[in-house]
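What follows is the content of input-v3.pdb, which has PDB, C-alpha atoms and all ligand atoms:
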```pdb
ATOM      1  CA  MET N   1     110.103 -26.365  70.596
ATOM      2  CA  LYS N   2     109.866 -24.037  67.638
ATOM      3  CA  VAL N   3     113.023 -23.745  65.553
ATOM      4  CA  ASP N   4     114.163 -20.324  64.395
ATOM      5  CA  ILE N   5     117.307 -21.220  62.506
ATOM      6  CA  GLN N   6     118.175 -24.564  60.960
ATOM      7  CA  LEU N   7     121.323 -25.321  58.999
ATOM      8  CA  THR N   8     121.512 -28.714  57.340
ATOM      9  CA  ASP N   9     124.807 -29.764  55.785
ATOM     10  CA  ALA N  10     125.494 -26.092  55.076
ATOM     11  CA  GLY N  11     128.791 -25.035  53.554
ATOM     12  CA  ILE N  12     130.465 -22.364  51.515
ATOM     13  CA  SER N  13     133.887 -21.852  50.007
ATOM     14  CA  PHE N  14     135.812 -18.839  48.825
ATOM     15  CA  GLY N  15     138.218 -19.331  45.946
ATOM     16  CA  GLY N  16     138.198 -23.093  46.423
ATOM     17  CA  VAL N  17     138.889 -22.882  50.156
ATOM     18  CA  HIS N  18     136.155 -24.215  52.427
ATOM     19  CA  ALA N  19     135.190 -21.505  54.882
ATOM     20  CA  LEU N  20     132.474 -23.784  56.305
ATOM     21  CA  ARG N  21     131.726 -27.409  55.619
ATOM     22  CA  GLY N  22     128.952 -29.835  56.580
ATOM     23  CA  VAL N  23     127.423 -27.621  59.248
ATOM     24  CA  ASN N  24     124.327 -28.943  61.010
ATOM     25  CA  LEU N  25     122.925 -26.585  63.588
ATOM     26  CA  SER N  26     119.517 -25.872  64.984
ATOM     27  CA  VAL N  27     118.625 -22.843  67.079
ATOM     28  CA  ALA N  28     115.317 -22.856  68.911
ATOM     29  CA  GLU N  29     113.079 -19.862  69.425
ATOM     30  CA  GLY N  30     114.350 -17.727  72.303
ATOM     31  CA  GLU N  31     117.560 -19.698  72.635
ATOM     32  CA  GLN N  32     120.924 -18.033  73.296
ATOM     33  CA  ILE N  33     123.973 -19.573  71.686
ATOM     34  CA  CYS N  34     127.550 -18.488  71.311
ATOM     35  CA  ILE N  35     129.852 -19.448  68.449
ATOM     36  CA  ILE N  36     133.489 -19.676  69.446
ATOM     37  CA  GLY N  37     136.664 -20.611  67.625
ATOM     38  CA  PRO N  38     139.982 -19.183  66.484
ATOM     39  CA  SER N  39     140.242 -16.405  63.966
ATOM     40  CA  GLY N  40     139.466 -17.733  60.480
ATOM     41  CA  SER N  41     137.447 -20.692  61.801
ATOM     42  CA  GLY N  42     134.274 -19.456  60.094
ATOM     43  CA  LYS N  43     132.317 -17.600  62.804
ATOM     44  CA  SER N  44     131.466 -14.546  60.698
ATOM     45  CA  THR N  45     130.691 -16.743  57.709
ATOM     46  CA  LEU N  46     128.276 -18.803  59.815
ATOM     47  CA  LEU N  47     126.447 -15.679  60.992
ATOM     48  CA  GLY N  48     126.418 -14.464  57.386
ATOM     49  CA  LEU N  49     124.677 -17.668  56.305
ATOM     50  CA  MET N  50     122.105 -17.203  59.059
ATOM     51  CA  ASN N  51     121.097 -13.719  58.016
ATOM     52  CA  GLY N  52     121.204 -14.341  54.280
ATOM     53  CA  ARG N  53     124.187 -12.101  53.587
ATOM     54  CA  LEU N  54     125.808 -15.282  52.276
ATOM     55  CA  LEU N  55     124.007 -18.204  50.649
ATOM     56  CA  THR N  56     124.951 -21.773  51.384
ATOM     57  CA  GLU N  57     126.396 -23.789  48.498
ATOM     58  CA  THR N  58     125.433 -27.160  49.971
ATOM     59  CA  GLY N  59     122.426 -28.401  51.935
ATOM     60  CA  SER N  60     120.043 -25.766  53.234
ATOM     61  CA  VAL N  61     119.592 -22.887  55.639
ATOM     62  CA  GLU N  62     116.109 -22.258  56.986
ATOM     63  CA  VAL N  63     115.312 -19.154  58.996
ATOM     64  CA  LEU N  64     111.933 -18.597  60.639
ATOM     65  CA  GLY N  65     110.606 -21.529  58.633
ATOM     66  CA  GLN N  66     111.796 -20.256  55.257
ATOM     67  CA  ASP N  67     114.450 -21.784  53.043
ATOM     68  CA  LEU N  68     116.806 -18.912  52.234
ATOM     69  CA  LEU N  69     117.706 -20.372  48.843
ATOM     70  CA  GLN N  70     114.074 -20.143  47.761
ATOM     71  CA  LEU N  71     113.433 -16.516  48.667
ATOM     72  CA  THR N  72     113.081 -13.619  46.248
ATOM     73  CA  ALA N  73     115.086 -10.476  46.996
ATOM     74  CA  ARG N  74     111.970  -8.877  48.426
ATOM     75  CA  GLN N  75     111.121 -11.827  50.644
ATOM     76  CA  MET N  76     114.720 -11.844  51.853
ATOM     77  CA  ARG N  77     114.471  -8.161  52.788
ATOM     78  CA  GLU N  78     111.273  -8.794  54.709
ATOM     79  CA  LEU N  79     112.758 -11.746  56.528
ATOM     80  CA  ARG N  80     115.816  -9.737  57.465
ATOM     81  CA  CYS N  81     113.620  -7.140  59.163
ATOM     82  CA  GLY N  82     113.047  -9.675  61.898
ATOM     83  CA  LEU N  83     116.744 -10.448  62.199
ATOM     84  CA  VAL N  84     118.796  -7.687  63.678
ATOM     85  CA  TRP N  85     122.483  -7.590  62.900
ATOM     86  CA  VAL N  86     124.762  -6.031  65.514
ATOM     87  CA  PRO N  87     128.134  -5.348  63.876
ATOM     88  CA  GLN N  88     131.467  -5.460  65.631
ATOM     89  CA  ASP N  89     131.818  -1.672  65.824
ATOM     90  CA  LEU N  90     128.123  -1.248  66.796
ATOM     91  CA  GLY N  91     127.529   0.763  63.603
ATOM     92  CA  LEU N  92     126.297   3.994  65.219
ATOM     93  CA  VAL N  93     126.494   7.282  63.315
ATOM     94  CA  PRO N  94     128.586   9.516  65.634
ATOM     95  CA  ASN N  95     127.176  12.919  64.695
ATOM     96  CA  LEU N  96     123.514  11.953  64.865
ATOM     97  CA  ARG N  97     121.414  12.322  67.986
ATOM     98  CA  VAL N  98     120.681   9.226  70.010
ATOM     99  CA  LEU N  99     117.037   9.304  68.924
ATOM    100  CA  GLN N 100     118.028   9.344  65.258
ATOM    101  CA  ASN N 101     120.485   6.497  65.677
ATOM    102  CA  VAL N 102     117.795   4.372  67.266
ATOM    103  CA  LEU N 103     115.316   5.276  64.515
ATOM    104  CA  CYS N 104     117.951   4.332  61.920
ATOM    105  CA  GLY N 105     117.475   0.750  63.004
ATOM    106  CA  LYS N 106     114.379   0.626  60.898
ATOM    107  CA  ALA N 107     116.188   1.932  57.808
ATOM    108  CA  GLY N 108     116.023  -1.383  55.997
ATOM    109  CA  ARG N 109     112.278  -1.458  56.369
ATOM    110  CA  LEU N 110     111.602   2.151  55.463
ATOM    111  CA  GLY N 111     113.801   2.525  52.405
ATOM    112  CA  PHE N 112     115.840   5.671  51.858
ATOM    113  CA  LEU N 113     112.977   8.172  51.529
ATOM    114  CA  GLY N 114     111.076   6.672  54.404
ATOM    115  CA  LEU N 115     114.158   6.932  56.567
ATOM    116  CA  LEU N 116     114.688  10.542  55.570
ATOM    117  CA  ARG N 117     111.093  11.331  56.448
ATOM    118  CA  SER N 118     111.360   9.575  59.764
ATOM    119  CA  LEU N 119     114.545  11.464  60.662
ATOM    120  CA  LEU N 120     113.026  14.808  59.730
ATOM    121  CA  LEU N 121     109.547  14.316  61.073
ATOM    122  CA  THR N 122     109.878  12.048  64.027
ATOM    123  CA  ARG N 123     106.464  11.208  65.320
ATOM    124  CA  MET N 124     105.853  11.898  68.986
ATOM    125  CA  SER N 125     104.845   8.303  69.523
ATOM    126  CA  GLU N 126     108.163   7.132  68.102
ATOM    127  CA  ALA N 127     110.155   9.497  70.287
ATOM    128  CA  GLU N 128     108.191   8.229  73.285
ATOM    129  CA  GLU N 129     108.869   4.642  72.325
ATOM    130  CA  VAL N 130     112.585   5.347  72.029
ATOM    131  CA  ARG N 131     112.570   7.207  75.334
ATOM    132  CA  SER N 132     111.008   4.274  77.117
ATOM    133  CA  LEU N 133     113.577   1.912  75.601
ATOM    134  CA  LEU N 134     116.364   4.209  76.815
ATOM    135  CA  GLU N 135     114.708   4.354  80.204
ATOM    136  CA  ARG N 136     114.883   0.619  80.409
ATOM    137  CA  LEU N 137     118.547   0.707  79.479
ATOM    138  CA  GLY N 138     119.255   3.410  82.047
ATOM    139  CA  ILE N 139     119.918   6.445  79.804
ATOM    140  CA  PRO N 140     116.536   8.171  79.200
ATOM    141  CA  GLU N 141     118.067  11.643  79.495
ATOM    142  CA  LYS N 142     120.274  11.044  76.462
ATOM    143  CA  LEU N 143     117.470  11.001  73.898
ATOM    144  CA  TYR N 144     118.450  14.255  72.185
ATOM    145  CA  GLU N 145     122.207  14.151  72.856
ATOM    146  CA  ARG N 146     124.695  13.770  70.040
ATOM    147  CA  THR N 147     125.790  10.156  70.066
ATOM    148  CA  ASP N 148     129.524  10.926  70.005
ATOM    149  CA  THR N 149     129.249  12.877  73.270
ATOM    150  CA  LEU N 150     128.216   9.689  75.103
ATOM    151  CA  SER N 151     130.616   7.382  76.899
ATOM    152  CA  GLY N 152     131.491   4.029  75.327
ATOM    153  CA  GLY N 153     129.163   2.178  77.689
ATOM    154  CA  GLN N 154     126.289   4.545  76.924
ATOM    155  CA  GLN N 155     126.866   4.102  73.195
ATOM    156  CA  GLN N 156     126.576   0.355  73.680
ATOM    157  CA  ARG N 157     123.181   0.951  75.239
ATOM    158  CA  VAL N 158     122.156   3.036  72.247
ATOM    159  CA  ALA N 159     123.133   0.155  69.961
ATOM    160  CA  ILE N 160     120.997  -2.213  72.039
ATOM    161  CA  ALA N 161     118.087   0.239  71.991
ATOM    162  CA  ARG N 162     118.396   0.433  68.221
ATOM    163  CA  ALA N 163     118.304  -3.353  67.959
ATOM    164  CA  LEU N 164     115.264  -3.613  70.246
ATOM    165  CA  PHE N 165     113.410  -0.804  68.465
ATOM    166  CA  GLN N 166     113.209  -3.086  65.441
ATOM    167  CA  ASP N 167     111.228  -5.566  67.490
ATOM    168  CA  PRO N 168     113.394  -8.449  66.283
ATOM    169  CA  VAL N 169     112.701 -12.158  66.374
ATOM    170  CA  ALA N 170     116.433 -12.772  66.556
ATOM    171  CA  ILE N 171     119.592 -10.780  67.157
ATOM    172  CA  LEU N 172     122.778 -11.888  65.410
ATOM    173  CA  ALA N 173     125.906 -10.265  66.801
ATOM    174  CA  ASP N 174     129.369 -10.796  65.355
ATOM    175  CA  GLU N 175     131.994 -10.291  68.073
ATOM    176  CA  PRO N 176     130.241  -7.182  69.397
ATOM    177  CA  VAL N 177     132.737  -6.784  72.243
ATOM    178  CA  ALA N 178     135.945  -7.434  70.329
ATOM    179  CA  SER N 179     137.219  -3.891  70.636
ATOM    180  CA  VAL N 180     136.236  -2.988  74.196
ATOM    181  CA  ASP N 181     137.810  -3.601  77.596
ATOM    182  CA  PRO N 182     136.671  -6.629  79.635
ATOM    183  CA  GLY N 183     134.539  -4.644  82.101
ATOM    184  CA  ARG N 184     132.594  -2.983  79.355
ATOM    185  CA  ALA N 185     132.330  -6.248  77.438
ATOM    186  CA  ARG N 186     130.790  -7.886  80.477
ATOM    187  CA  SER N 187     128.227  -5.126  80.963
ATOM    188  CA  LEU N 188     127.191  -5.228  77.296
ATOM    189  CA  LEU N 189     126.774  -8.994  77.421
ATOM    190  CA  GLU N 190     124.823  -8.765  80.657
ATOM    191  CA  LEU N 191     122.442  -6.241  79.167
ATOM    192  CA  LEU N 192     122.031  -7.950  75.821
ATOM    193  CA  THR N 193     121.497 -11.470  77.150
ATOM    194  CA  GLY N 194     119.178 -10.136  79.877
ATOM    195  CA  VAL N 195     116.958  -8.178  77.513
ATOM    196  CA  ALA N 196     116.880 -11.011  74.972
ATOM    197  CA  ARG N 197     115.824 -13.403  77.729
ATOM    198  CA  ASP N 198     113.070 -11.065  78.993
ATOM    199  CA  GLU N 199     111.738 -10.517  75.495
ATOM    200  CA  GLY N 200     112.116 -14.077  74.264
ATOM    201  CA  ILE N 201     114.425 -12.896  71.479
ATOM    202  CA  THR N 202     116.729 -15.520  69.980
ATOM    203  CA  LEU N 203     120.359 -14.506  70.350
ATOM    204  CA  VAL N 204     123.244 -15.872  68.298
ATOM    205  CA  MET N 205     126.609 -14.292  68.981
ATOM    206  CA  SER N 206     130.174 -15.019  68.026
ATOM    207  CA  LEU N 207     132.867 -14.288  70.571
ATOM    208  CA  HIS N 208     136.596 -14.673  70.532
ATOM    209  CA  HIS N 209     136.741 -14.583  74.310
ATOM    210  CA  VAL N 210     135.807 -18.062  75.570
ATOM    211  CA  GLU N 211     135.533 -17.145  79.242
ATOM    212  CA  LEU N 212     132.845 -14.584  78.454
ATOM    213  CA  ALA N 213     131.100 -17.096  76.211
ATOM    214  CA  ARG N 214     131.057 -19.589  79.056
ATOM    215  CA  GLU N 215     129.852 -17.075  81.570
ATOM    216  CA  PHE N 216     126.962 -15.673  79.574
ATOM    217  CA  PHE N 217     125.744 -18.392  77.213
ATOM    218  CA  PRO N 218     124.098 -21.684  78.079
ATOM    219  CA  ARG N 219     125.142 -23.296  74.780
ATOM    220  CA  LEU N 220     128.473 -23.148  72.978
ATOM    221  CA  VAL N 221     129.233 -24.113  69.391
ATOM    222  CA  GLY N 222     132.947 -24.661  68.721
ATOM    223  CA  LEU N 223     134.214 -24.045  65.194
ATOM    224  CA  GLN N 224     137.571 -25.119  63.878
ATOM    225  CA  ALA N 225     138.674 -24.689  60.263
ATOM    226  CA  GLY N 226     135.082 -24.431  59.054
ATOM    227  CA  ARG N 227     133.703 -27.423  60.935
ATOM    228  CA  VAL N 228     131.603 -27.694  64.060
ATOM    229  CA  VAL N 229     133.759 -29.606  66.531
ATOM    230  CA  PHE N 230     131.348 -29.381  69.449
ATOM    231  CA  ASP N 231     127.860 -28.144  70.160
ATOM    232  CA  GLN N 232     126.935 -28.518  73.789
ATOM    233  CA  SER N 233     125.997 -26.801  77.016
ATOM    234  CA  ALA N 234     128.540 -24.443  78.516
ATOM    235  CA  ASP N 235     128.535 -26.548  81.693
ATOM    236  CA  GLU N 236     129.687 -29.623  79.800
ATOM    237  CA  THR N 237     132.463 -27.757  78.006
ATOM    238  CA  THR N 238     135.833 -28.600  79.488
ATOM    239  CA  ASP N 239     138.985 -26.529  79.673
ATOM    240  CA  ARG N 240     140.647 -29.183  77.578
ATOM    241  CA  GLN N 241     138.101 -28.833  74.780
ATOM    242  CA  LEU N 242     138.642 -25.099  74.749
ATOM    243  CA  ARG N 243     142.427 -25.480  74.728
ATOM    244  CA  GLU N 244     142.203 -27.912  71.828
ATOM    245  CA  LEU N 245     139.825 -25.661  69.947
ATOM    246  CA  TYR N 246     142.433 -22.937  69.884
ATOM    247  CA  ALA N 247     145.491 -25.201  69.779
ATOM    248  CA  THR N 248     145.760 -25.447  66.000
ATOM    249  CA  GLY N 249     146.683 -21.787  65.932
ATOM    250  CA  GLU N 250     145.031 -19.090  63.929
ATOM    251  CA  LYS N 251     144.403 -19.828  60.306
TER     252      LYS N 251
HETATM  253  P1  LIG N 301     136.150 -15.899  61.684
HETATM  254  O1  LIG N 301     134.983 -14.970  61.719
HETATM  255  O2  LIG N 301     135.998 -17.079  62.586
HETATM  256  O3  LIG N 301     137.435 -15.203  61.921
HETATM  257  P2  LIG N 301     135.562 -16.023  58.860
HETATM  258  O4  LIG N 301     134.179 -16.558  58.783
HETATM  259  O5  LIG N 301     135.736 -14.567  58.689
HETATM  260  O6  LIG N 301     136.237 -16.519  60.217
HETATM  261  O7  LIG N 301     136.450 -16.734  57.766
HETATM  262  C1  LIG N 301     136.503 -18.119  57.563
HETATM  263  C2  LIG N 301     137.429 -18.421  56.394
HETATM  264  O8  LIG N 301     136.849 -17.971  55.190
HETATM  265  C3  LIG N 301     138.777 -17.744  56.488
HETATM  266  O9  LIG N 301     139.746 -18.603  55.937
HETATM  267  C4  LIG N 301     138.621 -16.510  55.637
HETATM  268  O10 LIG N 301     139.836 -16.111  55.112
HETATM  269  C5  LIG N 301     137.666 -17.008  54.554
HETATM  270  N1  LIG N 301     136.779 -15.936  54.047
HETATM  271  C6  LIG N 301     135.737 -15.419  54.709
HETATM  272  N2  LIG N 301     135.112 -14.496  53.966
HETATM  273  C7  LIG N 301     135.778 -14.451  52.782
HETATM  274  C8  LIG N 301     135.617 -13.703  51.576
HETATM  275  N3  LIG N 301     134.631 -12.816  51.428
HETATM  276  N4  LIG N 301     136.499 -13.930  50.575
HETATM  277  C9  LIG N 301     137.478 -14.840  50.699
HETATM  278  N5  LIG N 301     137.696 -15.577  51.807
HETATM  279  C10 LIG N 301     136.865 -15.387  52.840
HETATM  280 MG    MG N 302     134.875 -12.952  62.213
END
```
Give the structure from the file, written as structure tokens.
Amino acid sequence: MKVDIQLTDAGISFGGVHALRGVNLSVAEGEQICIIGPSGSGKSTLLGLMNGRLLTETGSVEVLGQDLLQLTARQMRELRCGLVWVPQDLGLVPNLRVLQNVLCGKAGRLGFLGLLRSLLLTRMSEAEEVRSLLERLGIPEKLYERTDTLSGGQQQRVAIARALFQDPVAILADEPVASVDPGRARSLLELLTGVARDEGITLVMSLHHVELAREFFPRLVGLQAGRVVFDQSADETTDRQLRELYATGEK
């Protein structure tokens, strides 16, 4: 099985406080894993180490076969093109059209001028590609609508379309459903895990909500105070383990 992400004794501290310590974790190509743990346990930091936003201070982090500590800034940028980051608030620009928001996904690759050009002179083939992505997500008629006129659920679909438009190897999502109601959270997770599965895209997500993590992810990684306390299939994970994971209270 090909490995996409490999952390070996990874760790990082902020102002002398260990945010993560001695983390060993391997994510295979196409795998879907969910990182759970109380607030302050290191979930965002772990995702940050995976996409190179943060660099490990111990051991190593390898992504798509490359040691992140060895990469030049340019190599890092290229690598990150294959890793899509879905932020907590979805990161859509409200007053842009849906098409433009989806095209924005490639901003990192195009640079500022390239992005400007692509927003002004959208090629027909690109618009078609975006339309077919939206079709797949059930909102083809929204291509030219202003994004802020869409419902919350439709905006989630736009965010997924934007992620897919980048043709990613992996999607890293940091609590993408933290601020939405449970019904909408469930539909986003259903869509995202389904599309990732169909496309063979690796999916690493952090979630605060353990029941959703259990329902949608085959593998759960439990973090507590910067350490991995379990890494196992969702089926094996007991209620007791989950209670204990959150029992120490929020840091
Ligand atoms: P989680 O996402 O699980 O809530 P984080 O990864 O955000 O946890 O944080 C883990 C720990 O690292 C916390 O104690 C937090 O305060 C600390 N931390 C994270 N990022 C920074 C930072 N940029 N500066 C200082 N402390 C940080
Ligand atoms: Mg966080």
For the point (122.7, -11.5, 66.0) in the file's frame, write as a ChimeraX atom specification all residues with an atom no more than 6 Å away, counting all atoms listed in the file.
/N:84-86,171-173,203-205
Who sits within 7 Å of Ala19 in chain N, all atoms listed in the file, same chain under 6 positions skipped, as a PDB file with C-alpha atoms, in the frame of the given file:
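Output file around_8.pdb follows:
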```pdb
ATOM      1  CA  ILE N  12     130.465 -22.364  51.515  1.00  0.00           C
ATOM      2  CA  SER N  13     133.887 -21.852  50.007  1.00  0.00           C
ATOM      3  CA  GLY N  42     134.274 -19.456  60.094  1.00  0.00           C
ATOM      4  CA  GLY N 226     135.082 -24.431  59.054  1.00  0.00           C
TER       5      GLY N 226
END
```
Using all atoms listed in the file, which residue out of N:Gly22, N:Gln70, N:Tyr144, N:Pro87 lies closest to ligand MG 302 (chain N)?
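Closest to ligand MG 302 (chain N) of all the choices is N:Pro87.
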List the neighbours of Val93 in chain N out to 12 Å using only C-alpha atoms; skip same-chain residues closer than 4 positions along the sequence, and give me the result as an MDAnalysis selection string.
chainID N and resid 89 97:105 146:149 155 158:159 162
Long-range neighbours of Leu220 in chain N as a PyMOL selection string, 8 Å cut-off, all atoms listed in the file, 6 positions minimum in chain
chain N and resi 33-36+213-214+230-234+237
Could you list, as a ChimeraX atom specification, all residues that come within 10 Å of ligand LIG 301 (chain N)? Count all atoms listed in the file.
/N:12-20,35-49,54,174-175,206-208,223-226,250-251
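If you look at CA of Cys81 in chain N and CA of Val169 in chain N, they are 8.8 Å away from each other.
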Mind checking which residues fall within 10 Å of Glu199 in chain N, counting all atoms listed in the file, ignoring those fewer than 2 positions away in the same chain, and posting them as number ranges by chain?
N: 30, 164, 167-169, 193-197, 201-202
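Across the structure, CA of Lys142 in chain N and CA of Phe165 in chain N are spaced 15.9 Å apart.
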With all atoms listed in the file as the atoms that count, which of N:Ala127, N:Val221, N:Leu242, N:Ala178 lies nearest to ligand MG 302 (chain N)?
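Residue with the minimum atom-to-atom distance to ligand MG 302 (chain N): N:Ala178.
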Would you mind telling me which residue in N:Gln88, N:Gln6, N:Asp235, N:Ala161 lies nearest to ligand MG 302 (chain N) when using all atoms listed in the file?
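Among the listed residues, the smallest separation from ligand MG 302 (chain N) belongs to N:Gln88.
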Pick the closest to Asp4 in chain N from N:Leu192, N:Val63, N:Leu55, N:Ala163: which is it, counting all atoms listed in the file?
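Comparing N:Leu192, N:Val63, N:Leu55, N:Ala163 against Asp4 in chain N, the winner is N:Val63.
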